[in-house]
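File shown: start34.cif (mmCIF, C-alpha atoms and all ligand atoms).
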```cif
data_query
#
loop_
_atom_site.label_atom_id
_atom_site.label_comp_id
_atom_site.auth_asym_id
_atom_site.auth_seq_id
_atom_site.Cartn_x
_atom_site.Cartn_y
_atom_site.Cartn_z
CA MET A 3 51.78 -2.93 21.03
CA ASN A 4 49.78 -0.80 18.62
CA PHE A 5 48.23 -3.36 16.30
CA GLN A 6 49.21 -7.01 16.10
CA VAL A 7 47.80 -10.43 15.27
CA GLN A 8 48.88 -13.59 17.09
CA ILE A 9 48.08 -17.02 15.71
CA LEU A 10 46.77 -19.50 18.30
CA GLY A 11 45.47 -22.21 15.99
CA SER A 12 46.22 -22.73 12.30
CA ASN A 13 44.81 -26.10 11.28
CA ALA A 14 41.60 -27.07 9.54
CA ALA A 15 39.09 -29.54 10.95
CA ILE A 16 41.41 -32.03 12.69
CA PRO A 17 44.31 -31.08 15.01
CA ALA A 18 47.53 -32.56 13.61
CA TYR A 19 51.32 -32.21 13.88
CA ASP A 20 50.94 -30.01 16.94
CA ARG A 21 48.75 -27.63 14.96
CA HIS A 22 45.42 -26.70 16.53
CA PRO A 23 42.02 -25.61 15.22
CA THR A 24 41.48 -21.99 14.35
CA ALA A 25 41.86 -19.08 16.78
CA GLN A 26 43.67 -15.73 16.74
CA VAL A 27 44.09 -12.80 19.07
CA VAL A 28 44.12 -9.34 17.55
CA SER A 29 45.62 -6.73 19.88
CA ILE A 30 44.96 -3.08 19.15
CA HIS A 31 45.97 -0.25 21.49
CA ASN A 32 46.34 -2.70 24.37
CA LYS A 33 42.93 -4.37 23.93
CA HIS A 34 42.58 -8.04 22.95
CA TYR A 35 39.97 -9.33 20.48
CA LEU A 36 39.56 -13.06 19.93
CA ILE A 37 38.66 -14.34 16.47
CA ASP A 38 37.27 -17.88 16.38
CA CYS A 39 37.73 -20.23 19.28
CA GLY A 40 38.58 -23.76 18.17
CA GLU A 41 39.24 -26.61 20.57
CA GLY A 42 42.23 -25.89 22.82
CA THR A 43 42.13 -22.10 22.44
CA GLN A 44 42.48 -21.41 26.15
CA MET A 45 45.41 -23.79 26.43
CA ARG A 46 47.07 -21.96 23.53
CA MET A 47 46.46 -18.68 25.36
CA ASN A 48 48.16 -20.14 28.44
CA THR A 49 51.12 -21.33 26.35
CA PHE A 50 51.57 -17.92 24.75
CA HIS A 51 50.92 -15.99 28.00
CA ILE A 52 47.88 -14.15 26.72
CA LYS A 53 45.72 -12.69 29.48
CA LYS A 54 42.31 -14.30 28.93
CA SER A 55 40.61 -11.79 31.20
CA LYS A 56 41.49 -8.97 28.80
CA ILE A 57 39.22 -10.42 26.12
CA GLU A 58 35.82 -8.71 26.05
CA HIS A 59 34.81 -9.33 22.43
CA ILE A 60 34.85 -12.65 20.57
CA PHE A 61 34.17 -12.86 16.84
CA ILE A 62 33.04 -16.22 15.44
CA SER A 63 33.22 -16.70 11.65
CA HIS A 64 30.85 -19.69 11.52
CA LEU A 65 29.53 -22.53 13.62
CA HIS A 66 31.69 -25.42 12.41
CA GLY A 67 33.31 -27.18 15.36
CA ASP A 68 36.89 -26.30 14.47
CA HIS A 69 35.96 -22.64 15.05
CA ILE A 70 33.82 -22.90 18.19
CA PHE A 71 34.61 -26.02 20.23
CA GLY A 72 36.83 -23.98 22.57
CA LEU A 73 34.13 -21.44 23.36
CA VAL A 74 32.13 -23.21 26.06
CA GLY A 75 35.34 -24.20 27.84
CA LEU A 76 36.50 -20.60 27.82
CA ILE A 77 33.15 -19.33 29.12
CA THR A 78 33.21 -21.96 31.89
CA SER A 79 36.69 -20.86 32.94
CA TYR A 80 35.52 -17.25 33.08
CA ALA A 81 32.68 -18.33 35.38
CA LEU A 82 35.01 -20.35 37.63
CA LEU A 83 37.43 -17.41 37.78
CA LYS A 84 34.51 -15.20 38.85
CA ARG A 85 34.83 -12.86 35.92
CA LYS A 86 32.99 -9.57 36.35
CA LYS A 87 33.39 -7.91 32.95
CA ASP A 88 30.68 -8.41 30.33
CA LEU A 89 31.53 -10.71 27.43
CA HIS A 90 30.32 -9.93 23.90
CA ILE A 91 30.10 -12.70 21.31
CA TYR A 92 29.47 -11.89 17.64
CA ALA A 93 28.43 -14.89 15.55
CA PRO A 94 25.91 -16.18 13.02
CA MET A 95 22.48 -17.38 14.11
CA GLY A 96 22.57 -20.57 16.21
CA ILE A 97 25.34 -19.63 18.64
CA GLN A 98 22.94 -18.98 21.53
CA GLU A 99 21.50 -22.51 21.29
CA ILE A 100 24.99 -24.05 21.24
CA ILE A 101 26.02 -22.16 24.38
CA ASP A 102 22.71 -22.86 26.14
CA VAL A 103 22.77 -26.61 25.58
CA HIS A 104 26.31 -26.92 26.97
CA LEU A 105 26.07 -24.51 29.86
CA LYS A 106 22.48 -24.87 31.10
CA ASP A 107 23.70 -26.36 34.38
CA TYR A 108 26.37 -23.69 34.83
CA THR A 109 24.21 -20.56 34.77
CA SER A 110 24.23 -20.33 38.57
CA LEU A 111 28.02 -19.93 38.36
CA TYR A 112 27.82 -16.94 36.04
CA THR A 113 29.25 -13.83 37.64
CA PHE A 114 29.15 -11.88 34.39
CA GLN A 115 26.81 -11.07 31.51
CA ILE A 116 27.13 -12.63 28.08
CA HIS A 117 25.80 -10.52 25.22
CA ILE A 118 25.19 -12.36 21.98
CA HIS A 119 25.25 -10.25 18.81
CA ILE A 120 23.91 -12.14 15.80
CA ILE A 121 25.62 -11.34 12.51
CA SER A 122 23.32 -11.65 9.53
CA GLU A 123 24.61 -9.27 6.87
CA VAL A 124 27.51 -7.13 5.77
CA GLY A 125 28.17 -4.11 7.97
CA LEU A 126 29.62 -2.60 11.10
CA ILE A 127 29.37 -4.91 14.12
CA TYR A 128 31.57 -3.14 16.66
CA GLU A 129 33.39 0.14 17.15
CA ASN A 130 35.11 2.14 19.85
CA HIS A 131 37.24 5.28 19.84
CA SER A 132 40.19 3.55 18.14
CA ILE A 133 38.80 0.86 15.80
CA SER A 134 35.79 -0.32 13.84
CA ILE A 135 35.06 -3.94 12.95
CA GLU A 136 33.02 -4.88 9.93
CA ALA A 137 31.59 -8.30 9.03
CA PHE A 138 31.19 -9.46 5.44
CA PRO A 139 29.74 -12.68 4.03
CA LEU A 140 31.95 -15.49 2.78
CA GLU A 141 30.85 -18.58 0.87
CA HIS A 142 31.15 -21.83 2.80
CA ARG A 143 28.99 -24.90 3.42
CA ILE A 144 27.17 -22.95 6.13
CA GLU A 145 26.66 -19.26 6.83
CA CYS A 146 30.10 -17.71 7.35
CA TYR A 147 31.58 -14.22 7.77
CA GLY A 148 34.92 -12.52 7.41
CA PHE A 149 35.99 -9.62 9.60
CA LYS A 150 37.83 -6.40 8.85
CA PHE A 151 39.51 -4.50 11.67
CA GLN A 152 40.03 -0.87 10.72
CA GLU A 153 42.00 1.45 12.94
CA LYS A 154 40.59 4.98 13.13
CA PRO A 155 42.75 7.98 12.19
CA LEU A 156 45.23 8.68 14.94
CA GLN A 157 45.73 12.04 16.61
CA LYS A 158 48.64 14.12 15.39
CA ASN A 159 51.85 14.01 17.43
CA ILE A 160 52.62 17.22 19.30
CA ILE A 161 56.23 18.41 19.08
CA ALA A 162 57.41 18.43 22.70
CA GLU A 163 59.60 21.56 22.45
CA LYS A 164 56.67 23.58 21.09
CA ILE A 165 54.66 23.05 24.28
CA GLU A 166 57.20 25.05 26.21
CA ALA A 167 58.03 27.48 23.41
CA TYR A 168 54.37 28.56 23.12
CA SER A 169 53.37 27.77 26.74
CA LEU A 170 50.54 25.56 25.46
CA ASP A 171 47.97 24.62 28.07
CA PHE A 172 46.18 21.25 28.23
CA LYS A 173 43.18 22.35 26.13
CA GLU A 174 45.43 23.83 23.45
CA ILE A 175 47.47 20.62 23.28
CA VAL A 176 44.27 18.60 22.76
CA ARG A 177 43.13 21.01 20.03
CA ALA A 178 46.51 20.86 18.31
CA LYS A 179 46.50 17.06 18.41
CA ASN A 180 43.09 17.21 16.73
CA GLY A 181 44.60 19.25 13.90
CA GLU A 182 43.36 22.71 14.87
CA ASP A 183 45.32 25.94 14.67
CA ILE A 184 45.72 27.72 18.01
CA GLN A 185 44.28 31.26 18.23
CA ARG A 186 45.38 33.78 20.81
CA ASP A 187 44.36 37.47 20.81
CA GLY A 188 44.82 38.05 17.14
CA GLU A 189 47.75 35.66 16.82
CA ILE A 190 47.34 32.35 15.01
CA ILE A 191 49.81 29.53 15.55
CA PRO A 192 49.37 27.20 12.55
CA ASN A 193 48.92 23.56 13.39
CA SER A 194 51.82 22.56 11.15
CA GLU A 195 54.13 24.53 13.49
CA LEU A 196 53.07 22.42 16.49
CA THR A 197 52.56 18.87 15.28
CA HIS A 198 53.88 15.98 13.21
CA GLU A 199 51.49 13.92 11.08
CA ALA A 200 50.36 10.67 12.73
CA ARG A 201 51.12 7.40 10.96
CA ALA A 202 48.44 6.08 8.61
CA PRO A 203 45.68 3.97 10.24
CA LYS A 204 46.19 0.20 9.84
CA SER A 205 43.75 -2.49 8.74
CA TYR A 206 43.48 -6.27 9.03
CA ALA A 207 41.11 -8.62 7.19
CA TYR A 208 40.33 -12.19 8.27
CA CYS A 209 38.78 -14.62 5.77
CA THR A 210 38.08 -18.25 6.64
CA ASP A 211 36.36 -20.67 5.75
CA THR A 212 35.43 -19.93 2.17
CA ILE A 213 35.88 -20.53 -1.50
CA ALA A 214 38.00 -17.85 -3.15
CA LEU A 215 35.63 -14.91 -3.60
CA GLU A 216 36.23 -11.94 -5.89
CA SER A 217 33.26 -10.21 -4.31
CA ILE A 218 35.33 -9.46 -1.18
CA LEU A 219 37.99 -7.53 -3.14
CA PRO A 220 36.49 -4.08 -2.47
CA ILE A 221 36.48 -4.83 1.27
CA ILE A 222 39.96 -6.31 1.59
CA SER A 223 41.57 -3.99 -0.94
CA ASN A 224 44.82 -2.38 0.32
CA VAL A 225 44.64 -3.81 3.84
CA ASP A 226 47.97 -3.94 5.66
CA LEU A 227 47.49 -7.61 6.54
CA LEU A 228 45.18 -10.25 5.09
CA TYR A 229 44.65 -13.65 6.70
CA HIS A 230 43.12 -15.96 4.13
CA GLU A 231 42.57 -19.64 4.45
CA ALA A 232 44.53 -21.91 2.10
CA THR A 233 43.34 -25.30 3.23
CA PHE A 234 44.83 -27.05 0.20
CA MET A 235 47.66 -26.86 -2.31
CA HIS A 236 46.52 -26.06 -5.81
CA ASP A 237 46.62 -29.67 -7.08
CA ALA A 238 43.57 -30.20 -4.83
CA VAL A 239 41.61 -27.36 -6.46
CA GLU A 240 38.62 -29.61 -7.13
CA ARG A 241 38.52 -30.85 -3.55
CA ALA A 242 38.74 -27.23 -2.40
CA ALA A 243 35.68 -26.36 -4.51
CA ILE A 244 33.64 -29.33 -3.26
CA THR A 245 34.42 -28.59 0.40
CA TYR A 246 34.09 -24.78 -0.03
CA HIS A 247 37.70 -24.03 0.73
CA THR A 248 40.55 -22.17 -0.98
CA THR A 249 43.92 -23.22 -2.39
CA THR A 250 47.30 -21.54 -1.90
CA ILE A 251 47.28 -20.11 -5.41
CA GLN A 252 43.72 -18.80 -5.10
CA ALA A 253 44.48 -17.07 -1.79
CA ALA A 254 47.64 -15.53 -3.24
CA GLU A 255 45.77 -14.32 -6.35
CA LEU A 256 43.19 -12.60 -4.16
CA ALA A 257 45.97 -10.93 -2.13
CA LYS A 258 47.63 -9.76 -5.34
CA LYS A 259 44.42 -8.39 -6.86
CA ALA A 260 43.52 -6.64 -3.60
CA GLN A 261 47.04 -5.18 -3.40
CA VAL A 262 47.35 -6.02 0.27
CA LYS A 263 50.71 -5.44 1.94
CA LYS A 264 51.06 -8.92 3.42
CA LEU A 265 49.19 -12.24 3.26
CA ILE A 266 49.09 -14.93 5.95
CA ILE A 267 47.78 -18.31 4.83
CA GLY A 268 46.34 -20.80 7.29
CA HIS A 269 43.58 -23.33 8.08
CA PHE A 270 45.86 -26.07 6.77
CA SER A 271 44.48 -29.49 5.94
CA ALA A 272 45.66 -32.26 8.27
CA LYS A 273 47.00 -34.05 5.19
CA TYR A 274 50.02 -31.71 5.10
CA LYS A 275 52.77 -32.42 7.60
CA ASP A 276 55.27 -30.07 5.98
CA LEU A 277 53.85 -26.61 5.26
CA GLU A 278 56.84 -25.30 3.32
CA PRO A 279 55.46 -26.43 -0.08
CA LEU A 280 52.26 -24.44 0.58
CA LEU A 281 54.32 -21.34 1.28
CA VAL A 282 56.51 -21.82 -1.77
CA GLU A 283 53.45 -22.32 -3.98
CA ALA A 284 51.64 -19.23 -2.68
CA ARG A 285 54.80 -17.12 -3.11
CA THR A 286 54.94 -17.96 -6.83
CA VAL A 287 51.94 -15.59 -7.11
CA PHE A 288 52.36 -13.25 -4.12
CA SER A 289 55.82 -12.96 -2.64
CA GLU A 290 54.72 -11.23 0.59
CA THR A 291 53.10 -14.41 1.92
CA GLU A 292 53.72 -15.98 5.33
CA LEU A 293 52.48 -19.13 7.04
CA ALA A 294 50.18 -18.93 10.05
CA ILE A 295 52.62 -20.51 12.49
CA GLU A 296 51.11 -20.88 15.96
CA GLY A 297 52.52 -18.44 18.46
CA GLU A 298 53.81 -16.13 15.74
CA VAL A 299 52.99 -12.45 16.11
CA PHE A 300 52.41 -10.28 13.05
CA GLU A 301 52.91 -6.57 13.72
CA LEU A 302 51.05 -4.22 11.43
ZN ZN A 401 37.32 -24.61 9.51
ZN ZN A 402 34.08 -24.55 8.17
#
```
What's the structure tokens form of this structure?
Amino acid sequence: MNFQVQILGSNAAIPAYDRHPTAQVVSIHNKHYLIDCGEGTQMRMNTFHIKKSKIEHIFISHLHGDHIFGLVGLITSYALLKRKKDLHIYAPMGIQEIIDVHLKDYTSLYTFQIHIHIISEVGLIYENHSISIEAFPLEHRIECYGFKFQEKPLQKNIIAEKIEAYSLDFKEIVRAKNGEDIQRDGEIIPNSELTHEARAPKSYAYCTDTIALESILPIISNVDLLYHEATFMHDAVERAAITYHTTTIQAAELAKKAQVKKLIIGHFSAKYKDLEPLLVEARTVFSETELAIEGEVFEL
């Protein structure tokens, strides 16, 4: 499991047709990151056998209920399960008040620290040795952010036979993996002799809820996977504009202009029982489009 995205909830405001409000788990190098936490998110995690305890970072796009109503339930479960690990929540201003008002009588149960990180502008919000996560503003009825997960360059792969052939020690292996030549009393073993190139780093961009925004093109350009909301089919383009949402065609046009490898559309309006027409419509513009079907895993 190097880099994958699993859909937990794919519907807009109202749960319908066994589709749930928005949530996703991004798994990178065996770490889980939760994006949005709509009502029922922990039940979806149970259904799909996702280990809740592995989540240490939660990214909230905006404070509409269909993206946060699962959060206080999840925090309460962590308290009841006597969680020890810190929990980091990244969200726009106002999240602290929402948590406080719901959980003021639960604070004595807390066995762990919650760190709130307020997002207020474009920029880096989290990084570790293997990834960086950037927030960028979207345009919705309230303050809203997209997220881009960027894997860092991977170490080169050492060729196993060369370890023995050159009797490489641990330090030399580390240096070779970092791309260095190995020097020994006047002899230089070129790095290309010892290693294979690593695969290219992967990237994932998440954009919901928003009108279709050309301003995000430089950020989402060439990502391996783009999740973009497509709340409506294109015949509802006016309704999409009024409610600050996107249509299938608009999402597909953005994906095409950004030259992404694959597009997932989601955040479907409860008015659509059958999602196939949304997929067909989006594919008229961008053939590499898929539906955000709950439970589905997208490998990057
Ligand atoms: Zn929404
Ligand atoms: Zn919204």
Shortest interatomic distance to ligand ZN 402 (chain A) - which of A:Leu156, A:Ile120, A:Cys209, A:Val103, counting only C-alpha atoms and all ligand atoms:
A:Cys209
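Picture a line from CA of Tyr92 in chain A to CA of Ile127 in chain A; it runs 7.8 Å.
Take CA of Phe149 in chain A and CA of Pro279 in chain A: the distance between them is 27.5 Å.
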May I have the residues within 8 Å of Val27 in chain A as a compact mmCIF listing (two decimals) with C-alpha atoms, in the coordinates of the input, using all atoms listed in the file and disregarding those fewer than 6 positions away in the same chain?
```
# COMPACT_ATOMS: atom_id res chain seq x y z
CA VAL A 7 47.80 -10.43 15.27
CA GLN A 8 48.88 -13.59 17.09
CA ILE A 9 48.08 -17.02 15.71
CA LEU A 10 46.77 -19.50 18.30
CA HIS A 34 42.58 -8.04 22.95
CA TYR A 35 39.97 -9.33 20.48
CA LEU A 36 39.56 -13.06 19.93
CA ILE A 37 38.66 -14.34 16.47
```
I'd like the neighbourhood of Lys54 in chain A as number ranges by chain, where a residue qualifies if any of its atoms comes within 12 Å (using all atoms listed in the file), though same-chain residues fewer than 3 positions away should be ignored.
A: 27, 33-36, 43-51, 57-60, 76-77, 79-80, 83, 85, 87, 89
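With a cut-off of 8 Å and using all atoms listed in the file, the polymer residues contacting ligand ZN 402 (chain A) are Ala15, His64, Leu65, His66, Gly67, Asp68, His69, His142, Arg143, Ile144, Cys146, Thr210, Asp211 and Thr212 of chain A.
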Could you pull the residues within 6 Å of Gly11 in chain A, counting all atoms listed in the file, minus those fewer than 3 positions along the same chain, as an MDAnalysis selection string?
chainID A and resid 22:25 296
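Proximity ranking of A:Leu277, A:Ile218, A:Ile190, A:Leu170 relative to Pro139 in chain A places A:Ile218 first, based on all atoms listed in the file.
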